[in-house]
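Trainee: Sharing model-v3.txt, compact mmCIF, C-alpha atoms and all ligand atoms:
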```txt
# COMPACT_ATOMS: atom_id res chain seq x y z
CA MET A 4 -11.64 -8.84 46.81
CA ARG A 5 -10.99 -7.56 50.34
CA SER A 6 -13.20 -4.68 51.43
CA PRO A 7 -11.49 -1.30 51.92
CA ILE A 8 -13.48 -1.07 55.17
CA LEU A 9 -11.55 -4.09 56.51
CA ASP A 10 -8.27 -2.57 55.27
CA TYR A 11 -9.19 0.58 57.18
CA LEU A 12 -9.86 -1.36 60.42
CA ASP A 13 -6.47 -3.14 60.05
CA THR A 14 -4.78 0.25 59.68
CA LEU A 15 -6.61 1.58 62.72
CA ILE A 16 -5.20 -1.27 64.81
CA ALA A 17 -1.68 -0.83 63.40
CA GLU A 18 -1.69 2.93 63.92
CA THR A 19 -2.77 2.74 67.58
CA ASP A 20 -0.21 0.07 68.45
CA HIS A 21 1.98 2.59 70.29
CA ILE A 22 -0.79 3.45 72.79
CA VAL A 23 0.17 1.49 75.88
CA GLY A 24 -0.88 3.90 78.66
CA GLY A 25 -3.14 2.81 81.52
CA ALA A 26 -3.51 -0.58 83.15
CA PRO A 27 -6.10 -3.39 83.21
CA ALA A 28 -8.68 -3.10 86.03
CA ASP A 29 -7.16 -4.58 89.17
CA TYR A 30 -10.05 -4.37 91.63
CA ILE A 31 -11.35 -7.53 89.92
CA PRO A 32 -8.32 -9.86 90.14
CA GLU A 33 -9.31 -11.93 87.11
CA LEU A 34 -9.37 -8.82 84.90
CA ALA A 35 -5.90 -7.79 86.08
CA ALA A 36 -4.63 -11.02 84.54
CA ALA A 37 -5.80 -10.06 81.01
CA ASP A 38 -3.19 -9.88 78.25
CA PRO A 39 -2.93 -6.09 77.93
CA ASP A 40 -1.91 -6.23 74.25
CA THR A 41 -5.07 -7.94 73.05
CA VAL A 42 -6.86 -5.57 70.72
CA ALA A 43 -9.89 -5.77 68.45
CA VAL A 44 -12.36 -3.59 66.57
CA ALA A 45 -15.64 -4.31 64.78
CA LEU A 46 -18.22 -2.34 62.88
CA CYS A 47 -21.73 -3.48 61.98
CA THR A 48 -24.04 -1.64 59.59
CA VAL A 49 -27.81 -1.40 59.95
CA ASN A 50 -27.95 -3.97 57.14
CA GLY A 51 -26.17 -6.46 59.42
CA THR A 52 -22.80 -6.60 57.64
CA VAL A 53 -20.05 -7.04 60.24
CA TYR A 54 -16.43 -6.02 59.64
CA ALA A 55 -13.93 -7.04 62.34
CA SER A 56 -10.17 -6.81 62.73
CA GLY A 57 -7.51 -7.67 65.30
CA ASP A 58 -8.23 -10.31 67.94
CA ALA A 59 -11.79 -10.48 66.73
CA GLU A 60 -12.42 -13.95 68.21
CA HIS A 61 -11.20 -12.97 71.66
CA HIS A 62 -13.92 -13.29 74.33
CA PHE A 63 -14.06 -10.86 77.25
CA SER A 64 -16.64 -9.88 79.85
CA ILE A 65 -19.23 -7.31 78.82
CA GLN A 66 -19.16 -5.53 82.22
CA SER A 67 -20.89 -2.15 82.18
CA MET A 68 -21.79 -2.41 78.50
CA SER A 69 -24.56 -4.71 79.79
CA LYS A 70 -26.18 -1.81 81.65
CA PRO A 71 -28.05 -0.10 78.79
CA PHE A 72 -29.51 -3.43 77.64
CA ALA A 73 -30.70 -4.36 81.13
CA TYR A 74 -32.22 -0.86 81.33
CA ALA A 75 -34.18 -1.61 78.13
CA LEU A 76 -35.70 -4.70 79.77
CA ALA A 77 -36.65 -2.62 82.81
CA ILE A 78 -38.41 -0.09 80.57
CA GLU A 79 -40.25 -2.94 78.88
CA ASP A 80 -41.52 -4.17 82.27
CA HIS A 81 -42.29 -0.93 84.05
CA GLY A 82 -42.85 1.60 81.25
CA LEU A 83 -40.80 4.72 80.71
CA ASP A 84 -42.61 6.77 83.35
CA GLY A 85 -42.39 3.95 85.89
CA ILE A 86 -38.64 3.68 85.37
CA ARG A 87 -38.09 7.44 85.49
CA GLU A 88 -39.61 7.45 88.97
CA LYS A 89 -37.15 4.84 90.18
CA ILE A 90 -33.92 5.73 88.39
CA GLY A 91 -32.77 9.20 87.32
CA VAL A 92 -31.27 10.24 83.98
CA GLU A 93 -28.85 12.94 85.09
CA PRO A 94 -25.10 12.51 84.57
CA SER A 95 -23.54 12.08 88.01
CA GLY A 96 -20.20 13.61 87.05
CA GLU A 97 -18.70 10.98 89.32
CA ALA A 98 -16.93 7.67 89.00
CA PHE A 99 -18.93 4.58 87.99
CA ASN A 100 -18.74 3.02 91.45
CA GLU A 101 -19.37 6.21 93.45
CA LEU A 102 -21.69 5.86 96.45
CA SER A 103 -23.99 8.47 94.99
CA LEU A 104 -27.74 8.65 95.37
CA ASP A 105 -29.95 11.70 94.95
CA PRO A 106 -29.97 13.26 98.45
CA GLU A 107 -33.68 14.13 98.28
CA THR A 108 -35.18 10.97 96.84
CA GLY A 109 -32.49 8.37 97.45
CA ARG A 110 -32.82 7.41 93.76
CA PRO A 111 -29.72 6.41 91.84
CA ARG A 112 -28.72 9.26 89.53
CA ASN A 113 -28.73 7.22 86.32
CA PRO A 114 -28.73 3.60 85.11
CA MET A 115 -25.13 3.68 83.83
CA ILE A 116 -23.46 4.02 87.23
CA ASN A 117 -23.33 0.92 89.41
CA ALA A 118 -25.99 2.11 91.88
CA GLY A 119 -28.48 2.56 89.01
CA ALA A 120 -27.46 -0.69 87.34
CA ILE A 121 -27.92 -2.74 90.52
CA ALA A 122 -31.36 -1.16 91.01
CA THR A 123 -32.16 -1.90 87.33
CA HIS A 124 -31.12 -5.54 87.68
CA ALA A 125 -33.39 -5.94 90.71
CA LEU A 126 -36.31 -4.50 88.72
CA ILE A 127 -36.19 -7.02 85.88
CA GLY A 128 -36.39 -10.25 87.86
CA SER A 129 -39.47 -12.12 88.95
CA GLU A 130 -40.14 -15.37 90.77
CA HIS A 131 -40.83 -17.08 87.47
CA GLU A 132 -37.87 -15.71 85.62
CA PRO A 133 -34.72 -14.57 87.44
CA ALA A 134 -33.20 -11.38 86.05
CA LEU A 135 -29.95 -13.07 85.05
CA GLY A 136 -31.66 -15.62 82.81
CA ARG A 137 -33.65 -12.88 81.11
CA VAL A 138 -30.60 -10.74 80.48
CA LEU A 139 -28.59 -13.64 79.05
CA ASP A 140 -31.49 -14.65 76.83
CA PHE A 141 -31.73 -11.04 75.62
CA PHE A 142 -27.99 -10.97 74.84
CA GLY A 143 -28.50 -14.20 72.89
CA ARG A 144 -31.17 -12.61 70.71
CA LEU A 145 -29.11 -9.45 70.26
CA THR A 146 -25.98 -11.35 69.18
CA GLY A 147 -27.70 -14.21 67.39
CA ARG A 148 -25.89 -16.84 69.45
CA GLU A 149 -25.99 -18.30 72.93
CA VAL A 150 -24.07 -16.05 75.34
CA GLN A 151 -22.24 -17.76 78.22
CA LEU A 152 -20.96 -16.47 81.54
CA ASP A 153 -17.26 -16.16 82.24
CA GLN A 154 -17.51 -17.91 85.59
CA ALA A 155 -13.94 -17.08 86.63
CA VAL A 156 -14.57 -13.35 86.17
CA ALA A 157 -17.89 -13.57 88.03
CA ASP A 158 -16.35 -15.49 90.95
CA SER A 159 -13.42 -13.12 91.13
CA GLU A 160 -15.66 -10.04 91.27
CA LEU A 161 -18.06 -11.69 93.74
CA ALA A 162 -15.13 -12.23 96.10
CA THR A 163 -14.28 -8.50 96.04
CA ALA A 164 -17.76 -6.99 95.87
CA ASP A 165 -17.80 -4.91 99.07
CA ARG A 166 -18.34 -1.64 97.28
CA ASN A 167 -21.25 -2.88 95.17
CA LEU A 168 -22.75 -4.53 98.28
CA GLY A 169 -22.40 -1.20 100.08
CA LEU A 170 -24.32 0.50 97.27
CA ALA A 171 -27.05 -2.14 97.34
CA TYR A 172 -27.54 -1.79 101.12
CA LEU A 173 -27.73 2.01 100.80
CA LEU A 174 -30.35 1.64 98.04
CA HIS A 175 -32.26 -0.82 100.20
CA ALA A 176 -32.17 1.50 103.21
CA ALA A 177 -33.55 4.31 101.03
CA GLY A 178 -36.39 2.03 99.83
CA GLN A 179 -34.97 2.08 96.30
CA LEU A 180 -34.06 -1.56 95.75
CA ALA A 181 -36.71 -3.97 94.50
CA GLY A 182 -34.87 -7.08 95.73
CA ASP A 183 -32.55 -8.43 98.38
CA PRO A 184 -29.18 -6.59 98.39
CA GLN A 185 -27.01 -9.72 98.30
CA GLU A 186 -29.02 -11.39 95.56
CA SER A 187 -29.22 -8.22 93.48
CA VAL A 188 -25.45 -7.73 93.58
CA THR A 189 -24.78 -11.39 92.76
CA GLY A 190 -27.12 -11.22 89.76
CA TYR A 191 -25.72 -7.88 88.59
CA ILE A 192 -22.14 -9.13 88.80
CA ARG A 193 -23.03 -12.22 86.78
CA GLN A 194 -24.76 -10.03 84.21
CA CYS A 195 -21.48 -8.11 83.88
CA ALA A 196 -19.55 -11.38 83.37
CA ALA A 197 -21.39 -12.31 80.14
CA SER A 198 -18.69 -13.26 77.65
CA VAL A 199 -18.70 -11.54 74.23
CA THR A 200 -16.51 -10.60 71.25
CA VAL A 201 -16.25 -7.23 69.47
CA SER A 202 -18.42 -8.63 66.66
CA ASP A 203 -21.16 -9.53 69.17
CA LEU A 204 -20.99 -6.05 70.61
CA ALA A 205 -21.03 -4.36 67.20
CA LEU A 206 -24.19 -6.31 66.37
CA MET A 207 -25.76 -5.28 69.70
CA ALA A 208 -24.83 -1.66 69.01
CA ALA A 209 -26.15 -1.93 65.42
CA THR A 210 -29.50 -3.11 66.83
CA LEU A 211 -29.67 0.20 68.68
CA ALA A 212 -28.57 2.05 65.52
CA ASN A 213 -31.36 0.24 63.69
CA GLY A 214 -34.09 1.53 66.01
CA GLY A 215 -34.27 -1.68 68.08
CA ILE A 216 -34.52 -4.21 65.23
CA GLN A 217 -31.73 -6.81 65.12
CA PRO A 218 -30.33 -6.25 61.62
CA ARG A 219 -29.53 -9.92 60.94
CA THR A 220 -32.71 -11.61 62.14
CA GLY A 221 -35.09 -8.70 61.55
CA GLU A 222 -36.55 -9.30 65.02
CA ARG A 223 -37.70 -6.23 66.96
CA LEU A 224 -35.91 -6.57 70.29
CA LEU A 225 -36.50 -3.11 71.74
CA CYS A 226 -39.37 -0.74 71.16
CA ARG A 227 -38.58 2.64 69.61
CA GLU A 228 -39.25 4.38 72.91
CA SER A 229 -36.74 2.38 74.92
CA THR A 230 -34.13 2.52 72.13
CA ARG A 231 -34.37 6.29 72.14
CA GLN A 232 -34.27 6.42 75.94
CA LEU A 233 -31.21 4.25 76.33
CA LEU A 234 -29.30 5.97 73.52
CA SER A 235 -30.01 9.31 75.22
CA VAL A 236 -28.77 8.01 78.56
CA MET A 237 -25.68 6.51 76.90
CA ALA A 238 -24.97 9.89 75.29
CA THR A 239 -25.12 11.81 78.56
CA CYS A 240 -23.94 9.24 81.12
CA GLY A 241 -22.28 6.37 79.25
CA MET A 242 -18.69 7.43 79.78
CA TYR A 243 -19.18 8.41 83.46
CA ASP A 244 -17.27 11.49 84.53
CA ALA A 245 -15.72 11.72 81.04
CA ALA A 246 -19.17 11.94 79.39
CA GLY A 247 -18.92 15.64 78.45
CA ASP A 248 -15.48 15.26 76.91
CA TRP A 249 -16.69 12.23 75.05
CA LEU A 250 -19.83 13.77 73.58
CA THR A 251 -17.99 16.84 72.35
CA SER A 252 -15.03 14.99 70.84
CA VAL A 253 -16.21 11.53 69.74
CA GLY A 254 -19.84 12.57 69.58
CA ILE A 255 -21.79 9.30 69.66
CA PRO A 256 -23.77 7.53 72.40
CA ALA A 257 -21.37 5.03 73.92
CA LYS A 258 -20.80 2.71 76.85
CA SER A 259 -17.57 1.39 78.25
CA GLY A 260 -16.84 -1.66 80.41
CA VAL A 261 -13.95 -2.27 82.80
CA ALA A 262 -12.74 -5.35 80.90
CA GLY A 263 -11.69 -2.85 78.17
CA GLY A 264 -14.59 -2.80 75.71
CA ILE A 265 -16.46 0.25 74.40
CA ILE A 266 -19.54 0.28 72.18
CA GLY A 267 -20.73 3.26 70.16
CA VAL A 268 -23.88 3.87 68.12
CA LEU A 269 -24.53 6.23 65.24
CA PRO A 270 -28.34 6.07 64.93
CA GLY A 271 -29.47 5.07 61.46
CA GLN A 272 -25.98 4.02 60.33
CA VAL A 273 -23.66 1.82 62.37
CA GLY A 274 -22.72 0.19 65.64
CA VAL A 275 -19.02 0.01 66.51
CA ALA A 276 -17.10 -1.83 69.23
CA VAL A 277 -13.47 -1.77 70.34
CA PHE A 278 -11.49 -3.73 72.90
CA SER A 279 -8.18 -3.10 74.67
CA PRO A 280 -7.79 -3.87 78.40
CA ARG A 281 -5.64 -0.95 79.62
CA LEU A 282 -7.88 1.62 81.37
CA ASP A 283 -7.63 5.28 82.29
CA GLY A 284 -8.65 6.74 85.66
CA HIS A 285 -12.32 6.83 84.61
CA GLY A 286 -12.36 3.09 83.91
CA ASN A 287 -12.43 3.61 80.12
CA SER A 288 -10.01 1.79 77.78
CA VAL A 289 -7.16 4.16 76.82
CA ARG A 290 -6.49 2.70 73.38
CA GLY A 291 -10.20 2.03 72.96
CA VAL A 292 -11.01 5.73 73.46
CA GLU A 293 -8.35 6.64 70.89
CA MET A 294 -9.67 4.06 68.42
CA MET A 295 -13.20 5.41 68.90
CA GLN A 296 -11.96 8.97 68.37
CA ARG A 297 -10.31 7.94 65.11
CA LEU A 298 -13.34 5.95 63.97
CA SER A 299 -15.49 9.01 64.60
CA ASP A 300 -13.11 11.39 62.78
CA ASP A 301 -12.25 9.07 59.90
CA LEU A 302 -15.73 7.72 59.28
CA GLY A 303 -17.66 10.92 59.98
CA LEU A 304 -19.68 9.57 62.91
CA HIS A 305 -20.09 12.66 65.14
CA LEU A 306 -23.78 13.03 65.85
CA MET A 307 -23.73 16.80 65.85
CA GLU A 308 -22.41 16.97 62.33
CA ALA A 309 -24.66 14.22 61.04
CA SER A 310 -25.43 14.67 57.40
CA ARG A 311 -28.77 14.46 55.71
CA PRO A 312 -30.56 11.12 55.80
CA ALA A 313 -28.51 8.55 53.97
CA ARG A 314 -29.94 7.16 50.76
CA SER A 315 -28.30 4.37 48.87
CA ALA A 316 -25.30 5.77 47.00
CA LEU A 317 -26.16 3.63 44.00
CA ARG A 318 -28.97 5.11 41.91
CA GLU A 319 -28.73 2.52 39.14
CA THR A 320 -26.37 0.12 37.40
CA LEU A 321 -26.37 0.22 33.60
CA ARG A 322 -24.90 -2.29 31.13
CA VAL A 323 -24.11 -0.44 27.90
CA THR A 324 -21.71 -0.33 24.97
CA LEU A 325 -19.34 2.61 25.19
CA GLU A 326 -17.08 3.43 22.25
CA ASP A 327 -17.52 -0.17 20.98
CA GLN A 328 -16.77 -1.82 24.32
CA PRO A 329 -19.19 -3.38 26.80
CA ALA A 330 -19.22 -1.30 29.97
CA THR A 331 -20.89 -1.16 33.40
CA ILE A 332 -21.95 2.26 34.61
CA TYR A 333 -22.57 2.81 38.30
CA VAL A 334 -24.65 5.94 38.70
CA LEU A 335 -24.11 7.37 42.18
CA GLN A 336 -26.30 9.90 43.96
CA GLY A 337 -26.84 11.98 47.08
CA ASP A 338 -24.47 12.37 50.01
CA LEU A 339 -21.63 9.87 50.16
CA VAL A 340 -21.35 9.04 53.88
CA LEU A 341 -20.15 5.88 55.62
CA SER A 342 -23.40 3.93 55.31
CA SER A 343 -24.05 4.79 51.66
CA ILE A 344 -20.48 4.11 50.52
CA GLU A 345 -20.36 0.87 52.52
CA ALA A 346 -23.51 -0.32 50.74
CA LEU A 347 -21.87 0.43 47.37
CA VAL A 348 -18.64 -1.36 48.25
CA HIS A 349 -20.59 -4.33 49.56
CA GLU A 350 -22.53 -4.52 46.29
CA LEU A 351 -19.34 -4.32 44.17
CA ILE A 352 -17.73 -7.13 46.18
CA GLN A 353 -20.82 -9.35 46.10
CA THR A 354 -21.47 -8.79 42.40
CA PRO A 355 -18.20 -7.71 40.75
CA PRO A 356 -18.52 -5.91 37.42
CA SER A 357 -18.31 -8.38 34.52
CA THR A 358 -17.08 -5.89 31.91
CA ASP A 359 -13.56 -4.57 31.39
CA VAL A 360 -14.77 -0.99 31.33
CA VAL A 361 -16.23 0.28 34.59
CA VAL A 362 -17.68 3.80 34.86
CA PHE A 363 -18.52 5.65 38.06
CA ASP A 364 -20.86 8.49 37.24
CA MET A 365 -20.67 10.92 40.15
CA SER A 366 -22.43 13.83 38.50
CA ARG A 367 -25.49 13.40 40.75
CA VAL A 368 -23.46 13.27 43.96
CA ASP A 369 -23.93 16.13 46.43
CA GLU A 370 -21.57 15.97 49.40
CA VAL A 371 -18.65 13.56 49.80
CA LEU A 372 -17.32 12.92 53.32
CA PRO A 373 -13.59 12.11 53.63
CA VAL A 374 -14.42 8.47 54.45
CA ALA A 375 -16.28 8.13 51.16
CA ARG A 376 -13.56 9.90 49.17
CA ARG A 377 -10.94 7.56 50.57
CA THR A 378 -13.04 4.42 50.23
CA SER A 379 -14.07 5.12 46.65
CA SER A 380 -10.46 5.89 45.62
CA GLU A 381 -9.35 2.61 47.20
CA MET A 382 -12.15 0.72 45.50
CA ALA A 383 -11.19 2.23 42.12
CA ALA A 384 -7.53 1.29 42.74
CA LYS A 385 -8.50 -2.30 43.52
CA LEU A 386 -10.59 -2.57 40.35
CA LEU A 387 -7.69 -1.10 38.37
CA ASP A 388 -5.37 -3.69 39.87
CA GLU A 389 -7.76 -6.42 38.78
CA GLY A 390 -7.34 -5.24 35.19
CA HIS A 391 -10.45 -3.08 34.73
CA ARG A 392 -10.37 0.18 32.83
CA ILE A 393 -11.83 2.78 35.20
CA VAL A 394 -13.64 5.86 33.96
CA ILE A 395 -14.75 8.48 36.46
CA VAL A 396 -17.28 11.16 35.66
CA ASP A 397 -16.57 13.47 38.54
CA PRO A 398 -17.37 17.14 37.77
CA GLU A 399 -16.50 18.23 41.34
CA SER A 400 -13.13 16.38 41.31
CA THR A 401 -13.83 14.50 44.54
CA ILE A 402 -11.66 11.51 43.58
CA GLU A 403 -7.93 12.19 43.48
CA ASP A 404 -5.77 11.00 40.60
CA PHE A 405 -3.59 7.97 41.19
CA THR A 406 -1.88 5.20 39.25
CA ASP A 407 -1.70 1.50 40.06
CA SER A 408 1.45 -0.63 40.30
CA ARG A 409 1.67 -0.84 36.49
CA GLY A 410 1.40 2.90 36.08
CA ARG A 411 -2.18 2.81 34.85
CA GLY A 412 -4.47 5.54 36.10
CA ILE A 413 -8.17 6.35 36.13
CA GLU A 414 -9.62 8.14 33.12
CA ARG A 415 -11.69 11.24 33.62
CA TRP A 416 -14.61 11.92 31.34
CA SER A 417 -16.91 14.91 31.35
CA PRO A 418 -20.67 14.27 31.69
CA GLU A 419 -20.95 15.41 28.04
CA ARG A 420 -18.49 12.81 26.82
CA LEU A 421 -20.34 10.08 28.69
CA GLY A 422 -23.63 11.36 27.28
CA SER A 423 -22.41 11.29 23.69
CA ALA A 424 -20.65 7.89 24.09
CA MET A 425 -23.96 6.45 25.26
CA GLY A 426 -25.62 7.95 22.20
N1 LIG B 501 -18.90 -5.25 87.18
C1 LIG B 501 -18.22 -3.98 87.24
C2 LIG B 501 -18.48 -3.30 88.59
O1 LIG B 501 -19.55 -3.38 89.09
C3 LIG B 501 -18.67 -3.11 86.10
C4 LIG B 501 -18.04 -1.73 86.11
C5 LIG B 501 -17.74 -1.19 84.77
O2 LIG B 501 -17.61 -1.90 83.77
N2 LIG B 501 -17.50 0.10 84.71
O3 LIG B 501 -17.61 -2.69 89.15
```
What's the structure tokens form of this structure?
Mentor:
Amino acid sequence: MRSPILDYLDTLIAETDHIVGGAPADYIPELAAADPDTVAVALCTVNGTVYASGDAEHHFSIQSMSKPFAYALAIEDHGLDGIREKIGVEPSGEAFNELSLDPETGRPRNPMINAGAIATHALIGSEHEPALGRVLDFFGRLTGREVQLDQAVADSELATADRNLGLAYLLHAAGQLAGDPQESVTGYIRQCAASVTVSDLALMAATLANGGIQPRTGERLLCRESTRQLLSVMATCGMYDAAGDWLTSVGIPAKSGVAGGIIGVLPGQVGVAVFSPRLDGHGNSVRGVEMMQRLSDDLGLHLMEASRPARSALRETLRVTLEDQPATIYVLQGDLVLSSIEALVHELIQTPPSTDVVVFDMSRVDEVLPVARRTSSEMAAKLLDEGHRIVIVDPESTIEDFTDSRGRGIERWSPERLGSAMG
């Protein structure tokens, strides 16, 4: 059975098909040549389940989405206080490539703008281990596969790097660059050319959502302190001069890249990633921003309306005889939010019910977000289509009535009827 979460991602792609505003980045010639209609989306839960739709196998350069991860390595090397002295955490309110340093200290304003990211890159290299190798190795552990460079993108950006070189020389003049300006820019540009897919990025974002532990391998890749720090900086500075708009409307820590990718993190629940190469004036993907907005609205991701801690939606599964027929009862509980409903759907797909009669007992459910209402209705419809008889015990009427293609509908039982049928 196909997961309703995948169906949802397909719909998201179809429904944003008309968004063709903006243009691929052209200051890096190789990016200007991207097929502007390529589009992909992926979501990864803190359990490591990845759902992807669209051109999910398409590789593109990570660009500025590399910045928070390089920042994490810098925190690991120099400690949080050490890094705070060298790189600020204030939103600059300016474009990503602005020549902006704090006028008093000469420090870059934050690690998400280029000045801060070049300084960060210079801080994570040593004679024994160049920064680039470390970053690529880190990406490999975050994605669970070897990450390669897109050499054409790197060469193309290196040939047009005057602005980044200008930034590096300014940093150097202010005593704020740990390495040689030319070498730092070359390394930073290569870091940005690491080639990834939306599924890779969703897994990287899910590692942040999971407190720094890669959900597939179980390896701790970032300490709690640096995870918290980089999520905070992504929330305030990740979308550059659109950061305020972003936090109020989409409401999750995020980072964009000029190839057209955006990652977003809902701590404790999911990492999401989108890709579409046409950019707005801030350097953020136009369709990507819209897809993120819809993901946030449809899946209930806004941080400031986060619900209570998510427990598993499934309290227990019972095999019983109901009115002379073998039945499976799924007893649900708590708040039905994206992560809890996803876990339930995953379980139902992995271990489909073996009885004709399937009961969803929702009498212990508290709050049901729209995403959970929709997903559970779709799941019930799919089970109905497969020939199951579906009984819902739903005192609050959260699930709407519907019939399948053969005109069969769900049956509604009161908690009392279920109680007496179970004897
Ligand atoms: N490599 C790009 C640059 O330095 C990254 C910018 C971005 O993705 N916003 O200009």
Trainee: Could you tell me which of A:Leu15, A:Ala134, A:Ala125, A:Leu161 comes closest to Gln296 of chain A if we count only C-alpha atoms?
Mentor: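 Counting only C-alpha atoms, the residue closest to Gln296 of chain A is A:Leu15.
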Trainee: Within 7 Å of ligand LIG 501 (chain B), which residues show up when you count all atoms listed in the file? List them as a list in words, please.
Mentor: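 Using all atoms listed in the file, I find these residues within 7 Å of ligand LIG 501 (chain B): Gln66, Ser67, Met68, Phe99, Asn100, Asn117, Asn167, Ile192, Cys195, Ser259, Gly260, Val261, Ala262 and Gly286 of chain A.
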Trainee: Pick the closest to Ala37 of chain A from A:Leu282, A:Val362, A:Leu387, A:Leu302: which is it, counting all atoms listed in the file?
Mentor: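 The closest residue to Ala37 of chain A is A:Leu282.
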Trainee: Of the candidates A:Ser95, A:Ser198, A:Thr324, A:Asn113, which one gets nearest to Gln232 of chain A if we count all atoms listed in the file?
Mentor: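 Smallest separation from Gln232 of chain A among the options: A:Asn113.
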Trainee: Do a neighbour search on Glu33 of chain A at 7 Å with all atoms listed in the file, toss out local chain neighbours closer than 2 positions, and write the hits as a list in words.
Mentor: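 Close residues of Glu33 of chain A: Ile31, Ala35, Ala36, Ala155, Val156 and Ser159 of chain A.
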Trainee: Excluding same-chain residues fewer than 4 positions from Glu88 of chain A, what lies within 12 Å of it counting only C-alpha atoms, as a list in words?
Mentor: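 The filter keeps Ile78, His81, Gly82, Leu83, Asp84, Val92, Thr108, Gly109, Arg110, Pro111, Arg112, Asn113 and Gln179 of chain A.
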Trainee: Excluding segment 252-257 of chain A and any residue of its chain fewer than 5 positions from it, enumerate the residues within 7 Å of it, using all atoms listed in the file, and give them as a PyMOL selection string.
Mentor: chain A and resi 234+237-238+241-242+265-269+295-296+299+305-307
Trainee: For a quick check of understanding, using all atoms listed in the file, which of A:Ile116, A:Val289, A:Val150, A:Cys240 has the smallest distance to Val42 of chain A?
Mentor: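 Nearest candidate to Val42 of chain A out of A:Ile116, A:Val289, A:Val150, A:Cys240: A:Val289.
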Trainee: Let me make sure I understand: among A:Leu204, A:Leu76, A:Met365, A:Ala384, which one has the smallest atom-to-atom distance to Gly410 of chain A if we use only C-alpha atoms?
Mentor: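 Counting only C-alpha atoms, the residue closest to Gly410 of chain A is A:Ala384.
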Trainee: Which one is closest to Leu145 of chain A: A:Thr220, A:Thr378, A:Gln272, A:Thr230? Count all atoms listed in the file.
Mentor: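 Checking each candidate against Leu145 of chain A, we get A:Thr220 as the closest.
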Trainee: Determine, counting only C-alpha atoms, which protein, DNA and RNA residues have an atom within 9 Å of an atom of segment 348-352 of chain A; residues of the same chain fewer than 4 positions away are not included. Present the result as a PDB file with C-alpha atoms, keeping the file's coordinate frame.
Mentor:
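Result file follows (part-v7.pdb):
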```pdb
ATOM      1  CA  MET A   4     -11.640  -8.840  46.810  1.00  0.00           C
ATOM      2  CA  ARG A   5     -10.990  -7.560  50.340  1.00  0.00           C
ATOM      3  CA  SER A   6     -13.200  -4.680  51.430  1.00  0.00           C
ATOM      4  CA  PRO A   7     -11.490  -1.300  51.920  1.00  0.00           C
ATOM      5  CA  ILE A   8     -13.480  -1.070  55.170  1.00  0.00           C
ATOM      6  CA  THR A  52     -22.800  -6.600  57.640  1.00  0.00           C
ATOM      7  CA  SER A 343     -24.050   4.790  51.660  1.00  0.00           C
ATOM      8  CA  ILE A 344     -20.480   4.110  50.520  1.00  0.00           C
ATOM      9  CA  PRO A 356     -18.520  -5.910  37.420  1.00  0.00           C
ATOM     10  CA  THR A 378     -13.040   4.420  50.230  1.00  0.00           C
ATOM     11  CA  SER A 379     -14.070   5.120  46.650  1.00  0.00           C
ATOM     12  CA  MET A 382     -12.150   0.720  45.500  1.00  0.00           C
TER      13      MET A 382
END
```
Trainee: Record the distance separating atom CA of Ser64 of chain A and atom CA of Ala196 of chain A, expressed in Å with one decimal.
Mentor: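 Atom CA of Ala196 of chain A lies at a distance of 4.8 Å from atom CA of Ser64 of chain A.
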Trainee: Which distance in Å separates atom CA of Asp203 of chain A and atom CA of Thr146 of chain A, to one decimal?
Mentor: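 Atom CA of Asp203 of chain A sits 5.2 Å away from atom CA of Thr146 of chain A.
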Trainee: Skip Asp301 of chain A itself and residues of its chain fewer than 6 positions away, then list as a ChimeraX atom specification all residues within 10 Å of it, counting all atoms listed in the file.
Mentor: /A:11,15,295,341,372-375,377
Trainee: Please compute the atom CA of Leu304 of chain A-atom CA of Ile22 of chain A distance, one decimal, in Å.
Mentor: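 Going from atom CA of Leu304 of chain A over to atom CA of Ile22 of chain A, I get 22.2 Å.
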Trainee: Produce the centre coordinates and the three edge lengths, each in Å to one decimal, of the box along x, y and z that contains all listed atoms of segment 24-30 of chain A with 6 Å added on each side, as AutoDock Vina command-line options.
Mentor:
```
--center_x -5.5 --center_y -0.3 --center_z 85.1 --size_x 21.2 --size_y 20.5 --size_z 25.0
```
